[in-house]
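Student: Enclosed is the structure file final.cif (mmCIF, C-alpha atoms).
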data_structure
loop_
_atom_site.label_atom_id
_atom_site.label_comp_id
_atom_site.auth_asym_id
_atom_site.auth_seq_id
_atom_site.Cartn_x
_atom_site.Cartn_y
_atom_site.Cartn_z
CA MET A 1 -15.28 4.72 11.60
CA ALA A 2 -15.19 5.09 7.81
CA ILE A 3 -11.97 6.25 6.21
CA SER A 4 -12.09 9.89 5.11
CA THR A 5 -12.48 10.80 1.46
CA PRO A 6 -10.52 13.50 -0.39
CA PRO A 7 -12.33 16.68 -1.44
CA ALA A 8 -13.36 17.46 -5.01
CA TYR A 9 -11.38 20.17 -6.78
CA PRO A 10 -12.39 22.65 -9.50
CA ASN A 11 -11.00 22.28 -13.01
CA LEU A 12 -8.85 25.41 -13.28
CA GLN A 13 -6.94 24.61 -16.51
CA ARG A 14 -3.79 26.42 -15.36
CA PHE A 15 -1.41 24.28 -17.42
CA THR A 16 -2.88 24.23 -20.91
CA GLY A 17 -0.08 24.15 -23.47
CA LYS A 18 2.53 23.27 -20.85
CA VAL A 19 4.60 20.10 -20.41
CA ALA A 20 5.43 18.48 -17.09
CA LEU A 21 7.70 15.58 -16.19
CA VAL A 22 6.86 13.42 -13.17
CA THR A 23 9.01 10.64 -11.74
CA GLY A 24 7.36 7.73 -9.99
CA GLY A 25 4.18 8.54 -11.91
CA ALA A 26 2.70 5.06 -12.20
CA SER A 27 1.31 4.86 -8.66
CA GLY A 28 0.71 6.65 -5.39
CA ILE A 29 1.45 10.34 -5.03
CA GLY A 30 3.15 10.50 -8.44
CA ARG A 31 0.10 9.08 -10.17
CA ALA A 32 -2.18 11.55 -8.41
CA ILE A 33 0.09 14.42 -9.51
CA LEU A 34 0.04 13.10 -13.08
CA GLU A 35 -3.75 12.86 -13.11
CA GLU A 36 -4.24 16.35 -11.69
CA LEU A 37 -1.80 17.87 -14.18
CA CYS A 38 -3.70 16.20 -17.02
CA ARG A 39 -7.00 17.41 -15.60
CA GLU A 40 -5.67 20.97 -15.72
CA GLY A 41 -4.52 20.72 -19.32
CA ALA A 42 -0.82 19.78 -19.13
CA SER A 43 0.92 17.23 -21.32
CA VAL A 44 2.76 14.83 -19.01
CA GLY A 45 5.74 12.54 -19.41
CA PHE A 46 6.32 10.18 -16.52
CA ALA A 47 9.05 7.77 -15.52
CA ASP A 48 8.74 4.73 -13.31
CA LEU A 49 10.45 1.42 -12.54
CA ASP A 50 7.17 -0.31 -13.32
CA PRO A 51 4.97 0.60 -16.28
CA ALA A 52 1.57 2.03 -15.49
CA SER A 53 -1.29 -0.20 -16.55
CA ASP A 54 -2.23 0.11 -20.20
CA GLU A 55 -5.80 0.79 -19.10
CA PHE A 56 -4.72 3.75 -16.97
CA VAL A 57 -2.73 5.42 -19.73
CA ALA A 58 -5.33 4.56 -22.36
CA SER A 59 -8.11 6.09 -20.25
CA LEU A 60 -6.20 9.37 -19.99
CA GLN A 61 -5.45 9.39 -23.70
CA ALA A 62 -9.07 8.54 -24.53
CA ALA A 63 -10.10 11.58 -22.49
CA GLY A 64 -7.93 13.73 -24.75
CA HIS A 65 -4.86 14.01 -22.52
CA SER A 66 -1.32 13.86 -23.87
CA VAL A 67 0.55 11.31 -21.74
CA ARG A 68 3.58 9.11 -22.32
CA GLY A 69 5.53 6.88 -19.96
CA TRP A 70 9.17 5.81 -19.80
CA VAL A 71 10.17 2.67 -17.89
CA GLY A 72 13.53 2.90 -16.16
CA ASN A 73 15.48 3.53 -12.98
CA VAL A 74 16.25 7.14 -12.06
CA GLN A 75 19.16 5.78 -10.02
CA GLU A 76 20.94 5.47 -13.38
CA GLU A 77 22.34 8.71 -14.76
CA ASP A 78 21.93 7.61 -18.37
CA PHE A 79 18.21 6.95 -17.85
CA CYS A 80 17.71 10.42 -16.31
CA LYS A 81 19.28 12.02 -19.37
CA THR A 82 17.37 9.79 -21.80
CA PHE A 83 14.04 10.43 -20.10
CA VAL A 84 14.44 14.19 -20.27
CA SER A 85 15.84 14.33 -23.82
CA GLU A 86 13.24 11.97 -25.27
CA ALA A 87 10.40 13.73 -23.46
CA ALA A 88 11.59 17.10 -24.79
CA ALA A 89 11.73 15.68 -28.32
CA HIS A 90 8.30 14.05 -27.98
CA PHE A 91 6.42 16.98 -26.45
CA GLY A 92 8.49 19.83 -27.94
CA ARG A 93 9.18 21.58 -24.63
CA ILE A 94 9.53 21.12 -20.86
CA ASP A 95 8.06 23.57 -18.37
CA TYR A 96 7.83 21.66 -15.09
CA LEU A 97 9.60 18.89 -13.23
CA VAL A 98 8.22 16.95 -10.27
CA ASN A 99 10.89 14.86 -8.55
CA ASN A 100 8.79 12.28 -6.76
CA ALA A 101 10.37 8.82 -7.17
CA PHE A 102 12.20 7.74 -4.02
CA SER A 103 13.43 4.57 -2.37
CA PHE A 104 11.65 3.67 0.85
CA THR A 105 14.73 1.98 2.26
CA ALA A 106 14.43 2.16 6.05
CA LYS A 107 17.63 0.87 7.62
CA SER A 108 19.81 2.00 10.54
CA HIS A 109 23.10 0.47 11.76
CA ASP A 110 22.36 -2.55 9.56
CA ALA A 111 22.38 -0.51 6.34
CA THR A 112 24.66 -1.86 3.65
CA GLU A 113 26.58 0.20 1.15
CA ALA A 114 23.93 -0.75 -1.41
CA ASP A 115 21.17 0.54 0.92
CA TRP A 116 22.90 3.88 1.32
CA HIS A 117 23.63 4.12 -2.38
CA ARG A 118 20.03 3.39 -3.36
CA SER A 119 18.59 5.82 -0.78
CA PHE A 120 20.62 8.73 -2.11
CA PHE A 121 20.91 7.91 -5.80
CA VAL A 122 17.19 7.21 -6.30
CA GLY A 123 16.50 10.27 -4.16
CA PRO A 124 18.47 13.54 -4.00
CA VAL A 125 21.13 12.57 -6.54
CA ALA A 126 18.48 11.70 -9.13
CA TYR A 127 16.62 14.92 -8.27
CA ALA A 128 19.79 16.86 -9.03
CA ARG A 129 20.54 14.97 -12.24
CA LEU A 130 17.03 15.41 -13.58
CA LEU A 131 16.98 19.14 -12.96
CA ALA A 132 20.42 19.53 -14.54
CA ALA A 133 19.07 17.77 -17.65
CA ALA A 134 15.72 19.61 -17.71
CA ALA A 135 16.92 23.14 -16.92
CA PRO A 136 18.26 23.90 -20.44
CA GLN A 137 14.90 22.85 -21.88
CA MET A 138 13.06 25.09 -19.40
CA GLY A 139 15.43 27.91 -20.30
CA LYS A 140 14.21 27.83 -23.89
CA ASN A 141 10.78 28.87 -22.58
CA GLY A 142 12.07 31.58 -20.25
CA GLY A 143 12.06 29.44 -17.11
CA GLY A 144 9.94 26.91 -15.29
CA ALA A 145 9.15 25.39 -11.93
CA VAL A 146 10.29 22.33 -9.99
CA VAL A 147 8.77 20.56 -7.00
CA ASN A 148 10.79 18.04 -5.02
CA VAL A 149 8.75 15.63 -2.93
CA SER A 150 10.34 15.52 0.52
CA SER A 151 8.76 14.24 3.74
CA ILE A 152 8.10 14.97 7.38
CA SER A 153 10.97 12.48 7.83
CA ALA A 154 13.37 15.20 6.67
CA PHE A 155 12.80 17.08 9.93
CA ILE A 156 12.44 14.48 12.67
CA ALA A 157 14.03 11.34 14.09
CA GLN A 158 12.17 8.07 13.56
CA PRO A 159 13.21 4.61 14.75
CA HIS A 160 15.43 2.60 12.40
CA ARG A 161 15.25 5.03 9.51
CA TRP A 162 18.78 6.40 9.10
CA THR A 163 18.83 5.84 5.35
CA TYR A 164 15.41 7.24 4.46
CA ASN A 165 15.46 10.22 6.82
CA ALA A 166 19.00 11.21 5.88
CA ALA A 167 18.12 11.14 2.19
CA LYS A 168 14.94 13.16 2.74
CA GLY A 169 16.88 15.64 4.86
CA ALA A 170 19.28 16.06 1.95
CA VAL A 171 16.32 16.87 -0.31
CA HIS A 172 15.35 19.72 2.02
CA ASN A 173 18.69 21.51 1.69
CA LEU A 174 19.17 20.52 -1.94
CA THR A 175 15.91 22.29 -2.77
CA LYS A 176 17.18 25.57 -1.34
CA CYS A 177 20.50 25.27 -3.16
CA MET A 178 18.76 24.49 -6.44
CA ALA A 179 16.44 27.47 -6.00
CA LEU A 180 19.36 29.82 -5.43
CA ASP A 181 21.41 28.61 -8.38
CA TYR A 182 18.54 28.53 -10.88
CA ALA A 183 16.75 31.73 -9.86
CA GLU A 184 18.56 33.78 -12.49
CA ALA A 185 17.33 31.33 -15.14
CA GLY A 186 13.74 31.94 -14.07
CA ILE A 187 13.35 28.46 -12.56
CA ARG A 188 11.63 28.24 -9.19
CA VAL A 189 12.36 25.22 -6.98
CA ASN A 190 10.30 24.23 -3.94
CA SER A 191 9.46 21.09 -2.01
CA VAL A 192 6.46 19.56 -0.28
CA SER A 193 6.66 17.41 2.85
CA PRO A 194 3.76 14.98 3.20
CA GLY A 195 2.63 13.46 6.46
CA TRP A 196 1.14 9.96 6.59
CA ILE A 197 -0.54 9.43 3.24
CA TRP A 198 -2.61 6.51 1.98
CA THR A 199 -0.22 5.01 -0.56
CA ARG A 200 0.83 1.43 -1.38
CA GLU A 201 3.20 1.30 1.61
CA THR A 202 0.69 2.49 4.20
CA LEU A 203 -2.10 0.36 2.74
CA ASN A 204 0.12 -2.71 2.92
CA ALA A 205 1.00 -1.92 6.53
CA ALA A 206 -2.66 -1.36 7.44
CA ASN A 207 -3.69 -4.68 5.90
CA LEU A 208 -1.07 -6.76 7.73
CA ASP A 209 -3.44 -7.59 10.58
CA GLY A 210 -6.57 -7.55 8.44
CA GLY A 211 -7.75 -4.30 10.00
CA GLY A 212 -7.27 -2.18 6.93
CA PRO A 213 -7.51 1.61 6.56
CA GLU A 214 -10.78 1.79 8.50
CA LYS A 215 -8.97 0.56 11.61
CA TRP A 216 -5.69 2.42 11.19
CA ASP A 217 -6.83 5.81 9.87
CA PRO A 218 -8.02 7.03 13.30
CA ILE A 219 -5.04 5.41 15.05
CA TRP A 220 -2.38 6.92 12.79
CA GLY A 221 -4.51 10.05 12.68
CA GLU A 222 -3.51 10.62 16.32
CA TYR A 223 -0.22 12.02 14.98
CA HIS A 224 -1.99 14.70 12.91
CA MET A 225 -4.01 17.70 14.05
CA LEU A 226 -6.67 16.79 11.48
CA ALA A 227 -6.99 13.37 13.13
CA ARG A 228 -6.59 11.35 9.92
CA CYS A 229 -4.11 10.33 7.27
CA GLY A 230 -4.04 12.18 3.97
CA HIS A 231 -4.83 11.09 0.42
CA ALA A 232 -2.46 11.27 -2.54
CA VAL A 233 -4.55 13.91 -4.29
CA GLU A 234 -4.15 16.12 -1.22
CA ILE A 235 -0.42 16.18 -1.98
CA ALA A 236 -0.98 16.60 -5.71
CA ARG A 237 -2.99 19.82 -5.37
CA PRO A 238 -0.32 21.69 -3.35
CA VAL A 239 2.28 20.47 -5.87
CA LEU A 240 0.21 22.00 -8.69
CA PHE A 241 -0.05 25.24 -6.72
CA LEU A 242 3.74 25.46 -6.40
CA LEU A 243 4.18 24.74 -10.11
CA SER A 244 1.60 27.31 -11.13
CA ASP A 245 1.91 31.07 -11.59
CA ASP A 246 -0.13 31.40 -8.38
CA ALA A 247 3.21 30.68 -6.64
CA SER A 248 5.25 33.03 -8.83
CA PHE A 249 7.05 34.64 -5.84
CA ILE A 250 7.69 31.40 -3.95
CA THR A 251 11.00 29.60 -4.28
CA GLY A 252 13.50 27.81 -2.06
CA THR A 253 10.90 26.83 0.49
CA ASP A 254 9.16 23.74 1.82
CA LEU A 255 5.40 23.40 2.11
CA PRO A 256 4.35 20.97 4.85
CA VAL A 257 1.31 19.02 3.64
CA ASP A 258 1.01 16.97 6.78
CA GLY A 259 -2.33 17.60 8.47
CA GLY A 260 -0.53 19.44 11.26
CA TYR A 261 1.96 16.63 11.99
CA GLN A 262 5.01 18.84 12.39
CA GLY A 263 3.18 21.17 14.75
CA MET A 264 2.35 18.40 17.22
CA GLY A 265 4.22 17.25 20.30
CA PRO A 266 5.20 13.62 20.95
CA GLU A 267 1.91 12.95 22.73
CA GLY A 268 -0.05 13.42 19.48
CA LEU A 269 -3.70 14.22 20.02
CA GLY A 270 -3.43 12.43 23.36
CA LYS A 271 -5.91 10.38 25.28
CA THR A 272 -6.26 13.00 28.04
CA THR A 273 -7.19 16.63 27.59
CA VAL A 274 -4.67 18.97 29.20
CA ILE A 275 -6.05 22.38 30.14
CA ALA A 276 -3.65 25.30 30.27
CA GLY A 277 -2.90 26.30 33.87
CA SER A 278 -4.08 23.01 35.38
CA GLU A 279 -1.97 21.02 37.84
#
Turn the structure described in the file into structure tokens.
Tutor:
Amino acid sequence: MAISTPPAYPNLQRFTGKVALVTGGASGIGRAILEELCREGASVGFADLDPASDEFVASLQAAGHSVRGWVGNVQEEDFCKTFVSEAAAHFGRIDYLVNNAFSFTAKSHDATEADWHRSFFVGPVAYARLLAAAAPQMGKNGGGAVVNVSSISAFIAQPHRWTYNAAKGAVHNLTKCMALDYAEAGIRVNSVSPGWIWTRETLNAANLDGGGPEKWDPIWGEYHMLARCGHAVEIARPVLFLLSDDASFITGTDLPVDGGYQGMGPEGLGKTTVIAGSE
């Protein structure tokens, strides 16, 4: 079975003249969000622990897109402030913030203080710090929009994931609190919760036994109504929707982008068809 391919999307140009900041923009879901924002006309500043390849940034710039990266750790408060202030000075404004960078630290009773600190300070604490820094810049333009990348892990128990799931759960409630406190400033705040997405982590896991995505897509797809894992661009497009004026009356909510994961029972798609009313 061949791995599924993401759909093509129209070029709507909803963000021409606007500036967006994206954390974790050098790879995975963050990179897909960055690319889609550029494709729709936004100028984008991104932050990441690792610099994006020069070829990647150069290709976007050669296509006429305004893109600049900052290398640093959002766990550090000073970097959050520097990223936002320098991006505002470089681009002249800030309209949108996508809090995407997160630590995939999956520990349980064995979690150290450093594990807990990294899980929360790369995640919800950094999300809060970045919005606090960006909100005054958004206010100069009459408001803006924020999307926090959460996860299905915010809503369920998974084995040996106390650190990650607790931090994602915090993002869920933080989003609602942010939305309430910034509504008067004209800033909408929402989150998206991806299911299993083909990113560096899932690709690495799929390649451990040499089977690759072709083997594991239908197996992991058992947990999703759509019977497959998602692609990063399939998270990026809902993020752009929530940032756009198409979502002008949506705030303080979470959008599951999970192929039906949260609507399933523990049996997944199941190996046996159960007919209602049967014994």
Student: Take the PyMOL selection byres ((chain A and resi 107) around 7), run it mentally on this structure, and tell me the resulting residues as a ChimeraX atom specification.
Tutor: /A:105-106,108-111,160-163
Student: Could you expand the PyMOL selection byres ((chain A and resi 143-153) around 9) into the explicit residues it covers here, written as a ChimeraX atom specification?
Tutor: /A:94-102,124,127,131,135-142,154-158,161,164-166,168-169,171-172,175,179,183,185-196,239-240,242-244,251,254,256-258,261-262
Student: For the file shown, report as a list in words the outcome of the PyMOL selection byres ((chain A and resi 68) around 8) at residue level.
Tutor: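 Written out, the selection comes to Val44, Gly45, Phe46, Val57, Ser66, Val67, Gly69 and Trp70 of chain A.
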Student: Hey, which of A:Asp245, A:Glu76, A:Asp54, A:Glu234 ends up closest to Gly30 of chain A? Count all atoms listed in the file.
Tutor: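 Ranked by minimum distance to Gly30 of chain A, first place goes to A:Glu234.
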Student: Under the rule that all atoms listed in the file are counted, which of A:Ala227, A:Ile197, A:Ala236, A:Ala247 is the nearest residue to Leu269 of chain A?
Tutor: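 Closest candidate: A:Ala227.
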Student: Work out how far apart atom CA of Ala205 of chain A and atom CA of Val125 of chain A are and give it in Å to one decimal.
Tutor: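 Value for the atom CA of Ala205 of chain A-atom CA of Val125 of chain A distance: 28.0 Å.
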Student: Looking at all atoms listed in the file, which of A:Asp246, A:Glu222, A:Glu113, A:Glu36 is the one that sits closest to Met264 of chain A?
Tutor: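 Between A:Asp246, A:Glu222, A:Glu113, A:Glu36, the residue approaching Met264 of chain A most closely is A:Glu222.
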Student: Complete the atom set of segment 178-196 of chain A to N, CA and C atoms and return it as a CSV table (one decimal), in the coordinates of the input.
Tutor:
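Everything below was put into rebuild-v4.csv:
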chain,number,residue,atom,x,y,z
A,178,MET,N,19.3,24.5,-5.1
A,178,MET,CA,18.8,24.5,-6.4
A,178,MET,C,18.1,25.8,-6.7
A,179,ALA,N,17.2,26.2,-5.8
A,179,ALA,CA,16.4,27.5,-6.0
A,179,ALA,C,17.4,28.7,-6.2
A,180,LEU,N,18.4,28.7,-5.4
A,180,LEU,CA,19.4,29.8,-5.4
A,180,LEU,C,20.1,29.8,-6.8
A,181,ASP,N,20.6,28.7,-7.2
A,181,ASP,CA,21.4,28.6,-8.4
A,181,ASP,C,20.6,28.8,-9.7
A,182,TYR,N,19.3,28.4,-9.6
A,182,TYR,CA,18.5,28.5,-10.9
A,182,TYR,C,17.6,29.7,-10.9
A,183,ALA,N,17.6,30.6,-9.9
A,183,ALA,CA,16.8,31.7,-9.9
A,183,ALA,C,17.0,32.7,-11.1
A,184,GLU,N,18.2,32.9,-11.4
A,184,GLU,CA,18.6,33.8,-12.5
A,184,GLU,C,18.0,33.3,-13.8
A,185,ALA,N,17.9,31.9,-13.9
A,185,ALA,CA,17.3,31.3,-15.1
A,185,ALA,C,15.8,31.3,-15.2
A,186,GLY,N,15.2,31.9,-14.1
A,186,GLY,CA,13.7,31.9,-14.1
A,186,GLY,C,13.1,30.6,-13.7
A,187,ILE,N,13.9,29.8,-13.0
A,187,ILE,CA,13.4,28.5,-12.6
A,187,ILE,C,13.2,28.5,-11.1
A,188,ARG,N,11.9,28.3,-10.6
A,188,ARG,CA,11.6,28.2,-9.2
A,188,ARG,C,11.7,26.8,-8.7
A,189,VAL,N,12.2,26.6,-7.5
A,189,VAL,CA,12.4,25.2,-7.0
A,189,VAL,C,11.9,25.2,-5.5
A,190,ASN,N,10.9,24.4,-5.3
A,190,ASN,CA,10.3,24.2,-3.9
A,190,ASN,C,10.1,22.7,-3.6
A,191,SER,N,9.7,22.5,-2.4
A,191,SER,CA,9.5,21.1,-2.0
A,191,SER,C,8.2,21.0,-1.2
A,192,VAL,N,7.6,19.8,-1.2
A,192,VAL,CA,6.5,19.6,-0.3
A,192,VAL,C,6.9,18.4,0.6
A,193,SER,N,6.3,18.5,1.9
A,193,SER,CA,6.7,17.4,2.8
A,193,SER,C,5.4,16.8,3.4
A,194,PRO,N,5.0,15.6,2.8
A,194,PRO,CA,3.8,15.0,3.2
A,194,PRO,C,3.9,14.4,4.6
A,195,GLY,N,2.7,14.3,5.3
A,195,GLY,CA,2.6,13.5,6.5
A,195,GLY,C,2.3,12.0,6.1
A,196,TRP,N,1.5,11.4,6.9
A,196,TRP,CA,1.1,10.0,6.6
A,196,TRP,C,0.1,10.0,5.5
